[in-house]
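Enquirer: Next up, work_30.txt (compact mmCIF, C-alpha atoms).
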# COMPACT_ATOMS: atom_id res chain seq x y z
CA MET H 1 -52.71 15.92 28.94
CA LYS H 2 -56.17 14.97 27.84
CA ILE H 3 -56.84 11.61 26.23
CA GLU H 4 -59.08 13.27 23.62
CA ASN H 5 -56.24 15.53 22.48
CA ALA H 6 -53.86 12.62 22.20
CA ARG H 7 -56.39 10.65 20.19
CA ALA H 8 -57.09 13.55 17.89
CA GLN H 9 -53.37 14.00 17.27
CA MET H 10 -52.96 10.35 16.38
CA ARG H 11 -55.86 10.53 13.97
CA LYS H 12 -54.56 13.71 12.39
CA GLY H 13 -51.17 12.14 11.94
CA VAL H 14 -52.54 9.43 9.70
CA LEU H 15 -55.08 11.64 7.96
CA GLU H 16 -52.71 12.69 5.18
CA LEU H 17 -51.76 9.10 4.50
CA CYS H 18 -55.42 8.09 4.29
CA VAL H 19 -56.50 11.01 2.12
CA LEU H 20 -53.64 10.42 -0.30
CA SER H 21 -54.30 6.70 -0.57
CA ILE H 22 -58.03 7.25 -1.13
CA ILE H 23 -57.17 9.62 -3.96
CA SER H 24 -54.50 7.27 -5.34
CA LYS H 25 -57.13 4.59 -6.03
CA GLU H 26 -59.19 6.83 -8.28
CA GLU H 27 -59.80 10.52 -8.90
CA ALA H 28 -61.89 11.67 -6.01
CA TYR H 29 -64.47 14.33 -5.28
CA PRO H 30 -64.06 15.88 -1.78
CA SER H 31 -67.51 14.76 -0.65
CA ASP H 32 -66.64 11.15 -1.54
CA ILE H 33 -63.39 11.46 0.40
CA ILE H 34 -65.36 12.76 3.37
CA LYS H 35 -67.74 9.82 3.15
CA LYS H 36 -64.89 7.35 3.29
CA LEU H 37 -63.10 9.17 6.09
CA LYS H 38 -66.30 9.30 8.08
CA GLU H 39 -66.92 5.59 7.61
CA ALA H 40 -63.45 5.02 8.96
CA LYS H 41 -64.17 7.49 11.80
CA LEU H 42 -61.05 9.41 10.93
CA ILE H 43 -62.62 12.85 10.89
CA VAL H 44 -65.22 14.27 13.18
CA VAL H 45 -65.99 17.57 11.48
CA GLU H 46 -65.98 17.88 7.71
CA GLY H 47 -64.32 21.28 7.61
CA THR H 48 -61.01 19.62 8.47
CA LEU H 49 -60.61 18.16 5.02
CA TYR H 50 -60.61 21.35 2.95
CA PRO H 51 -57.59 23.08 4.46
CA LEU H 52 -55.77 19.75 4.25
CA LEU H 53 -56.57 19.29 0.55
CA ASN H 54 -55.49 22.85 -0.06
CA ARG H 55 -52.21 22.28 1.69
CA LEU H 56 -51.52 19.08 -0.26
CA LYS H 57 -52.40 20.88 -3.46
CA ASN H 58 -50.06 23.78 -2.68
CA ALA H 59 -47.32 21.26 -1.97
CA GLU H 60 -47.87 19.95 -5.53
CA LEU H 61 -48.85 16.51 -4.25
CA LEU H 62 -52.36 16.86 -5.64
CA HIS H 63 -53.99 18.44 -8.63
CA TYR H 64 -57.58 18.52 -9.70
CA ASN H 65 -59.73 18.40 -12.82
CA TRP H 66 -63.10 20.01 -13.22
CA ARG H 67 -65.84 17.61 -14.16
CA GLU H 68 -69.44 18.34 -15.08
CA SER H 69 -72.01 17.17 -12.59
CA THR H 70 -75.58 16.11 -13.19
CA SER H 71 -76.86 17.71 -10.02
CA GLY H 72 -75.13 21.05 -9.70
CA PRO H 73 -72.10 23.09 -10.68
CA PRO H 74 -68.91 21.39 -11.99
CA ARG H 75 -66.95 19.50 -9.36
CA LYS H 76 -63.29 19.28 -8.50
CA TYR H 77 -61.85 15.80 -8.83
CA TYR H 78 -58.48 15.40 -7.16
CA TYR H 79 -55.69 13.14 -8.37
CA LEU H 80 -52.14 12.43 -7.25
CA THR H 81 -49.20 13.97 -9.03
CA GLU H 82 -45.99 11.99 -9.46
CA GLU H 83 -44.62 13.75 -6.44
CA GLY H 84 -47.76 12.78 -4.59
CA GLN H 85 -47.25 9.11 -5.51
CA GLU H 86 -43.72 9.23 -4.16
CA PHE H 87 -44.85 11.02 -1.04
CA LEU H 88 -47.55 8.41 -0.46
CA GLY H 89 -44.99 5.63 -0.94
CA GLY H 90 -42.82 7.22 1.71
CA LEU H 91 -45.71 7.60 4.12
CA LYS H 92 -46.77 3.97 3.63
CA GLU H 93 -43.24 2.86 4.37
CA THR H 94 -43.22 4.90 7.56
CA TRP H 95 -46.61 3.53 8.50
CA LYS H 96 -45.31 -0.04 8.24
CA GLU H 97 -42.36 0.81 10.43
CA LEU H 98 -44.65 2.55 12.87
CA THR H 99 -47.09 -0.34 13.22
CA GLN H 100 -44.20 -2.70 13.80
CA ALA H 101 -42.72 -0.35 16.34
CA VAL H 102 -46.05 0.12 18.09
CA ASN H 103 -46.81 -3.60 18.13
CA LEU H 104 -43.41 -4.31 19.53
CA SER H 105 -43.52 -1.71 22.25
CA THR H 106 -47.09 -2.35 23.36
CA LYS H 107 -46.41 -6.10 23.58
CA LYS H 108 -43.45 -5.51 25.80
CA GLN H 109 -45.52 -3.38 28.12
CA LYS H 110 -48.06 -6.13 28.61
CA VAL H 111 -45.55 -8.76 29.69
CA MET P 1 -92.41 36.95 10.47
CA ASN P 2 -88.97 36.98 8.96
CA LYS P 3 -87.37 38.51 5.86
CA ILE P 4 -85.94 36.11 3.28
CA PHE P 5 -83.08 36.33 0.81
CA ASN P 6 -82.17 34.49 -2.34
CA ILE P 7 -78.53 33.52 -2.29
CA ASN P 8 -76.00 31.71 -4.43
CA LEU P 9 -74.04 29.35 -2.22
CA GLY P 10 -71.31 27.51 -4.07
CA GLY P 11 -73.32 27.66 -7.30
CA TYR P 12 -76.55 26.39 -5.77
CA PRO P 13 -79.52 28.72 -5.33
CA PHE P 14 -81.16 28.91 -1.89
CA THR P 15 -83.87 30.87 -0.21
CA ILE P 16 -82.80 31.65 3.30
CA ASP P 17 -84.41 33.59 6.12
CA ASP P 18 -82.83 36.67 7.64
CA ASP P 19 -81.63 35.12 10.86
CA ALA P 20 -79.97 32.19 9.11
CA TYR P 21 -78.52 34.54 6.48
CA GLN P 22 -76.83 36.74 9.07
CA HIS P 23 -75.41 33.74 10.85
CA LEU P 24 -74.19 32.10 7.63
CA ASN P 25 -72.47 35.33 6.66
CA TRP P 26 -70.78 35.49 10.00
CA TYR P 27 -69.74 31.83 9.86
CA LEU P 28 -68.17 32.21 6.41
CA ASP P 29 -66.46 35.46 7.45
CA THR P 30 -64.97 33.71 10.45
CA ILE P 31 -63.59 30.96 8.27
CA LYS P 32 -62.27 33.54 5.83
CA SER P 33 -60.46 35.49 8.51
CA HIS P 34 -59.15 32.28 10.00
CA PHE P 35 -57.49 31.28 6.75
CA SER P 36 -56.64 34.78 5.61
CA ASP P 37 -52.94 34.07 6.10
CA SER P 38 -52.84 30.83 4.19
CA GLU P 39 -52.42 30.57 0.46
CA GLY P 40 -55.66 29.68 -1.30
CA CYS P 41 -57.96 31.08 1.34
CA GLU P 42 -60.63 31.91 -1.25
CA GLU P 43 -60.48 28.37 -2.53
CA ILE P 44 -60.91 26.79 0.89
CA VAL P 45 -63.91 28.99 1.61
CA GLY P 46 -65.30 28.27 -1.86
CA ASP P 47 -64.99 24.51 -1.32
CA ILE P 48 -66.61 24.78 2.07
CA GLU P 49 -69.48 26.76 0.54
CA VAL P 50 -70.00 24.04 -2.06
CA ARG P 51 -70.04 21.35 0.60
CA MET P 52 -72.46 23.31 2.76
CA ALA P 53 -74.71 23.76 -0.25
CA GLU P 54 -74.70 19.99 -0.83
CA LEU P 55 -75.56 19.33 2.79
CA PHE P 56 -78.38 21.87 2.64
CA THR P 57 -79.75 20.25 -0.49
CA GLU P 58 -79.73 16.84 1.18
CA GLN P 59 -81.35 18.27 4.26
CA MET P 60 -84.02 20.43 2.66
CA ASN P 61 -85.89 17.57 1.06
CA GLY P 62 -88.62 19.68 -0.48
CA GLN P 63 -88.57 22.29 2.25
CA LYS P 64 -88.43 25.74 0.68
CA ILE P 65 -86.67 28.06 3.07
CA LEU P 66 -83.42 27.53 4.93
CA THR P 67 -83.75 28.37 8.59
CA ARG P 68 -81.35 28.82 11.44
CA LYS P 69 -82.09 25.27 12.53
CA ASP P 70 -80.89 23.85 9.19
CA LEU P 71 -77.83 26.07 9.32
CA ASP P 72 -76.92 25.05 12.85
CA GLU P 73 -77.10 21.40 11.84
CA VAL P 74 -74.82 21.95 8.87
CA ILE P 75 -72.38 24.00 10.96
CA LYS P 76 -72.32 21.12 13.42
CA ILE P 77 -71.31 18.77 10.59
CA MET P 78 -68.74 21.19 9.16
CA GLY P 79 -67.36 22.13 12.56
CA SER P 80 -66.20 25.43 13.94
CA PRO P 81 -63.15 27.10 12.40
CA GLN P 82 -61.40 26.33 15.65
CA ASP P 83 -61.74 22.60 14.97
CA PHE P 84 -60.35 22.57 11.49
CA GLY P 85 -57.89 25.33 12.21
CA ALA P 86 -55.79 22.78 14.03
CA ALA P 87 -55.53 20.74 10.86
CA ALA P 88 -54.54 23.74 8.79
CA GLU P 89 -51.11 23.69 10.29
CA SER P 90 -50.23 20.14 11.16
CA SER P 91 -47.02 21.21 12.84
CA GLU P 92 -48.96 23.21 15.39
CA GLU P 93 -49.92 20.06 17.25
CA PHE P 94 -46.38 19.48 18.29
CA ILE P 95 -45.85 22.93 19.70
CA ASP P 96 -46.06 23.29 23.46
CA GLU P 97 -49.31 24.67 24.81
CA PRO P 98 -48.08 28.10 25.97
CA VAL P 99 -46.40 28.81 22.65
CA LYS P 100 -49.52 27.73 20.85
CA LYS P 101 -51.63 30.07 22.93
CA LYS P 102 -49.33 32.97 22.20
CA ARG P 103 -49.55 32.28 18.55
CA LYS P 104 -53.30 31.90 18.56
CA SER P 105 -53.75 35.29 20.11
CA LYS P 106 -52.12 36.74 17.04
CA THR P 107 -55.09 35.62 14.97
CA ARG P 108 -57.19 38.13 16.87
CA ILE P 109 -59.17 40.33 14.57
CA LYS P 110 -60.51 43.03 16.83
CA THR P 111 -59.86 43.92 20.41
CA GLY P 112 -61.36 46.36 22.84
CA ARG P 113 -64.96 46.95 23.64
CA LYS P 114 -67.57 48.53 21.49
CA LEU P 115 -70.71 50.17 22.69
CA PHE P 116 -73.84 48.28 21.71
CA ARG P 117 -77.33 47.97 23.07
CA ASP P 118 -78.01 44.53 24.44
CA ASN P 119 -81.34 43.45 23.00
CA GLU P 120 -81.30 40.16 24.85
CA ASP P 121 -81.03 41.77 28.27
CA LYS P 122 -83.17 44.86 28.32
CA VAL P 123 -85.77 46.65 30.35
CA ILE P 124 -86.47 49.53 27.97
CA GLY P 125 -83.98 49.72 25.13
CA GLY P 126 -81.01 47.72 26.39
CA VAL P 127 -78.96 50.91 26.84
CA CYS P 128 -78.07 50.21 30.47
CA SER P 129 -77.01 46.63 29.90
CA GLY P 130 -74.94 47.78 26.92
CA ILE P 131 -73.24 50.44 29.03
CA SER P 132 -72.50 47.96 31.83
CA ALA P 133 -71.02 45.54 29.32
CA TYR P 134 -68.90 48.36 27.94
CA PHE P 135 -67.51 49.28 31.34
CA GLY P 136 -67.20 45.68 32.44
CA ILE P 137 -69.84 45.93 35.17
CA GLN P 138 -71.05 42.42 35.89
CA ASP P 139 -74.66 43.23 36.72
CA PRO P 140 -76.49 45.93 34.74
CA VAL P 141 -78.81 46.48 37.71
CA TRP P 142 -76.40 49.09 39.16
CA VAL P 143 -76.46 51.22 36.03
CA ARG P 144 -80.22 50.79 35.88
CA LEU P 145 -80.57 51.95 39.48
CA ILE P 146 -78.59 55.11 38.82
CA VAL P 147 -80.57 55.82 35.67
CA ALA P 148 -83.86 55.11 37.46
CA VAL P 149 -82.94 57.50 40.26
CA LEU P 150 -82.10 60.17 37.68
CA PHE P 151 -85.40 59.45 35.88
CA PHE P 152 -87.47 60.10 38.96
CA SER P 153 -85.47 62.96 40.44
CA GLY P 154 -86.57 65.57 37.96
CA GLY P 155 -86.23 63.46 34.81
CA VAL P 156 -82.65 64.51 34.09
CA ALA P 157 -81.85 61.16 32.46
CA ILE P 158 -84.83 60.82 30.14
CA ILE P 159 -83.56 62.84 27.19
CA PRO P 160 -79.98 61.47 27.32
CA TYR P 161 -81.44 57.94 27.52
CA ILE P 162 -83.54 58.47 24.40
CA VAL P 163 -80.57 60.01 22.58
CA LEU P 164 -78.37 57.03 23.51
CA TRP P 165 -81.13 54.64 22.52
CA ILE P 166 -81.18 56.16 19.06
CA ALA P 167 -77.43 56.61 18.72
CA ILE P 168 -76.17 53.24 19.97
CA PRO P 169 -76.65 50.34 17.55
CA ALA P 170 -78.17 47.10 18.83
CA ALA P 171 -75.90 44.08 19.04
CA ARG P 172 -77.27 41.99 16.20
CA THR P 173 -74.65 39.42 15.28
CA SER P 174 -72.62 37.08 17.45
CA GLY P 175 -69.56 39.14 16.58
CA ASP P 176 -71.31 42.28 17.90
CA ARG P 177 -72.13 40.52 21.14
CA LEU P 178 -68.52 39.49 21.62
CA SER P 179 -67.16 42.96 21.00
CA MET P 180 -69.83 44.37 23.28
CA ARG P 181 -68.47 42.30 26.12
CA GLY P 182 -64.91 43.06 25.12
CA GLU P 183 -64.10 39.45 24.35
CA PRO P 184 -61.72 39.34 21.44
CA VAL P 185 -63.40 38.24 18.23
CA ASN P 186 -60.97 35.48 17.51
CA VAL P 187 -61.35 31.92 16.46
CA GLU P 188 -61.32 30.52 19.98
CA SER P 189 -64.02 32.78 21.34
CA ILE P 190 -66.22 32.30 18.33
CA GLY P 191 -65.75 28.54 18.54
CA LYS P 192 -66.78 28.74 22.16
CA MET P 193 -69.77 30.81 21.20
CA ILE P 194 -70.86 28.27 18.60
CA GLU P 195 -70.66 25.55 21.23
CA ASP P 196 -72.71 27.62 23.65
CA GLU P 197 -75.24 28.35 20.99
CA MET P 198 -75.45 24.69 20.00
CA HIS P 199 -76.08 23.87 23.61
CA SER P 200 -78.80 26.41 24.18
CA PHE P 201 -80.24 25.48 20.81
CA SER P 202 -80.75 21.87 21.81
CA GLU P 203 -82.48 23.03 24.94
CA THR P 204 -84.96 25.21 23.15
CA VAL P 205 -85.47 22.91 20.21
CA SER P 206 -89.03 21.90 21.02
CA GLU P 207 -90.09 25.48 21.58
CA PHE P 208 -88.50 26.56 18.35
CA GLY P 209 -90.14 23.68 16.49
CA ARG P 210 -93.57 24.94 17.43
CA GLU P 211 -92.74 28.49 16.52
CA PHE P 212 -91.18 27.45 13.26
CA GLY P 213 -94.26 25.41 12.34
CA SER P 214 -96.46 28.46 12.47
CA LYS P 215 -93.89 30.65 10.68
CA LYS P 216 -93.50 28.28 7.80
CA LYS P 217 -97.19 28.32 7.06
CA ARG P 218 -97.16 32.08 6.82
CA ILE P 219 -94.09 32.30 4.63
CA THR P 220 -94.79 29.58 2.09
CA PRO P 221 -97.07 31.56 -0.28
CA TYR P 222 -94.52 34.36 -0.36
CA SER P 223 -91.73 32.04 -1.37
CA ASP P 224 -93.81 30.83 -4.30
CA LEU P 225 -93.86 34.39 -5.56
CA GLN P 226 -90.12 34.57 -5.05
CA GLU P 227 -89.26 31.60 -7.17
CA GLU P 228 -89.54 33.36 -10.51
CA PRO P 229 -86.72 35.94 -10.09
CA TYR P 230 -84.58 33.34 -8.30
CA ARG P 231 -81.54 33.74 -10.49
CA LYS P 232 -81.59 37.50 -10.70
CA GLY P 233 -81.55 38.11 -7.00
CA PHE P 234 -78.29 36.49 -5.96
CA LEU P 235 -76.69 38.24 -3.09
CA PHE P 236 -73.23 36.80 -3.47
In structure tokens, write the structure found in this file.

Expert:
Amino acid sequence: MKIENARAQMRKGVLELCVLSIISKEEAYPSDIIKKLKEAKLIVVEGTLYPLLNRLKNAELLHYNWRESTSGPPRKYYYLTEEGQEFLGGLKETWKELTQAVNLSTKKQKV
Amino acid sequence: MNKIFNINLGGYPFTIDDDAYQHLNWYLDTIKSHFSDSEGCEEIVGDIEVRMAELFTEQMNGQKILTRKDLDEVIKIMGSPQDFGAAAESSEEFIDEPVKKKRKSKTRIKTGRKLFRDNEDKVIGGVCSGISAYFGIQDPVWVRLIVAVLFFSGGVAIIPYIVLWIAIPAARTSGDRLSMRGEPVNVESIGKMIEDEMHSFSETVSEFGREFGSKKKRITPYSDLQEEPYRKGFLF
């Protein structure tokens, strides 16, 4: 069991939650999502995002609009569907429970 | 000297040199075959192309021709298919290692060895090193010895050598090199190869920089000529 693997798994676990909540704030262009995820050090390589977006889109949690761009071809802007909103709500709930659970169990270990 | 191509990458036009073009093609093909099972494979590859094009545009900064160096940097940012493959199926993380390995081997595209000439390890035409790779002989010196003995004992080997030299293709792409050595061309091995290449790249970066400097000067006037038919000459 390598620490790097464990870390990567933890990060990947919350990636969907983070991507969905970034998109829930406003319609988002993948490169902007990448920028935010990189600031938060959630992804290491950019290629990770595209299969994820595709999967969320196929699951009907996301849709996208085409928008004209000033500096190139039209861009895809992703937004949450109603299902996506619900899904995000569920994930946030779980996240709260998880943080509580983690806080609780790590505190106990210290004592 | 290097050939150049005009390409359309995700809707952006680029001029790219031959070496970088071959490698880009291979990189995109690898991604394609990696996602060939998943729904929306074309779309994923398309999105990745667009993102790569954006990164190139940021990086080029007035520079006219994309080189292998630029490509390697962008591939480093995008990651190898192996890296983002793990995210393609989130459930895969929770599968035990042995099961995962078994499953990964299914993504194998080609198996078995192919006969190539090894241009990177050659004395005359790379025929001997290619043959040793084909038969799994660690050191091509043994094959070379036999051939050399046949050369000098009446020249029996000279004509067959020349025929083989002509008939066997040289290993040009990374995929060729893998199939030459009989390593399966799958996502893992290619990922490993990218890492190796990244590593050797950083070692030779200063040398390459010098070489590139002189190349660029020679190519620039040619690219000015090329700019006019930019939009006609798209390769994909």

Enquirer: Return the single residue from P:Glu120, P:Glu39, P:Asp72, P:Asp17 that is closest to chain H, with distances computed using only C-alpha atoms.

Expert: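 Among the listed residues, the smallest separation from chain H belongs to P:Glu39.
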
Enquirer: Just want the 9 Å neighbourhood of H:Glu60, counted on all atoms listed in the file, with same-chain residues fewer than 2 positions away dropped. Output as a list in words.

Expert: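 Counting all atoms listed in the file, the residues come to Arg55, Leu56, Lys57, Asn58, Leu62, His63, Leu80, Thr81, Glu83 and Gly84 of chain H.
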
Enquirer: Taking all atoms listed in the file into account, produce a table as a Markdown table in which each residue of chain P with an atom at most 6 Å from an atom of chain H appears once, together with its shortest atom pair and the distance in Å to one decimal, ordered by chain and rising number.

Expert:
| residue | atom | partner | partner_atom | distance |
| --- | --- | --- | --- | --- |
| P:Gly11 | CA | H:Pro73 | CA | 5.8 |
| P:Ile44 | CA | H:Tyr50 | CA | 5.8 |
| P:Ile77 | CA | H:Val45 | CA | 5.5 |
| P:Met78 | CA | H:Glu46 | CA | 4.5 |
| P:Gly79 | CA | H:Val45 | CA | 4.9 |
| P:Phe84 | CA | H:Thr48 | CA | 4.3 |
| P:Ala88 | CA | H:Pro51 | CA | 5.3 |

Enquirer: Just give me the residues with any atom within 12 Å of (-82.1, 23.7, 9.7), file coordinates, counting only C-alpha atoms, written as a PyMOL selection string.

Expert: chain P and resi 16-17+19-21+24+52+55-61+63-77+201+205+208-209+212

Enquirer: Tell me, in Å to one decimal, how far atom CA of H:Ser24 is from atom CA of H:Tyr64.

Expert: 12.5 Å

Enquirer: Got a sec to check which residues sit within 10 Å of (-56.4, 6.8, -3.4), counting only C-alpha atoms, and write them as a VMD selection string?

Expert: chain H and resid 17 to 28 33 78 to 80 85 88

Enquirer: To one decimal in Å, tell me the separation between atom CA of P:Lys122 and atom CA of P:Thr30.

Expert: 27.8 Å

Enquirer: With all atoms listed in the file as the atoms that count, which of H:Val14, H:Ala59, H:Lys2, H:Asn103 lies nearest to H:Leu91?

Expert: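 With all atoms listed in the file as the atom set, the closest residue is H:Val14.
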
Enquirer: Contacts of stretch 170-172 of chain P at 7 Å or less, counting all atoms listed in the file, minus same-chain residues fewer than 5 places along, as a ChimeraX atom specification?

Expert: /P:116-119,177

Enquirer: Write the residues of the selection above to a file with C-alpha atoms, as a PDB file, keeping the file's coordinate frame.

Expert:
ATOM      1  CA  PHE P 116     -73.840  48.280  21.710  1.00  0.00           C
ATOM      2  CA  ARG P 117     -77.330  47.970  23.070  1.00  0.00           C
ATOM      3  CA  ASP P 118     -78.010  44.530  24.440  1.00  0.00           C
ATOM      4  CA  ASN P 119     -81.340  43.450  23.000  1.00  0.00           C
ATOM      5  CA  ARG P 177     -72.130  40.520  21.140  1.00  0.00           C
TER       6      ARG P 177
END

Enquirer: Measure the distance from atom CA of P:Leu115 to atom CA of P:Asp139 in Å and round it to one decimal.

Expert: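 Atom-to-atom, atom CA of P:Leu115 to atom CA of P:Asp139, that is 16.1 Å.
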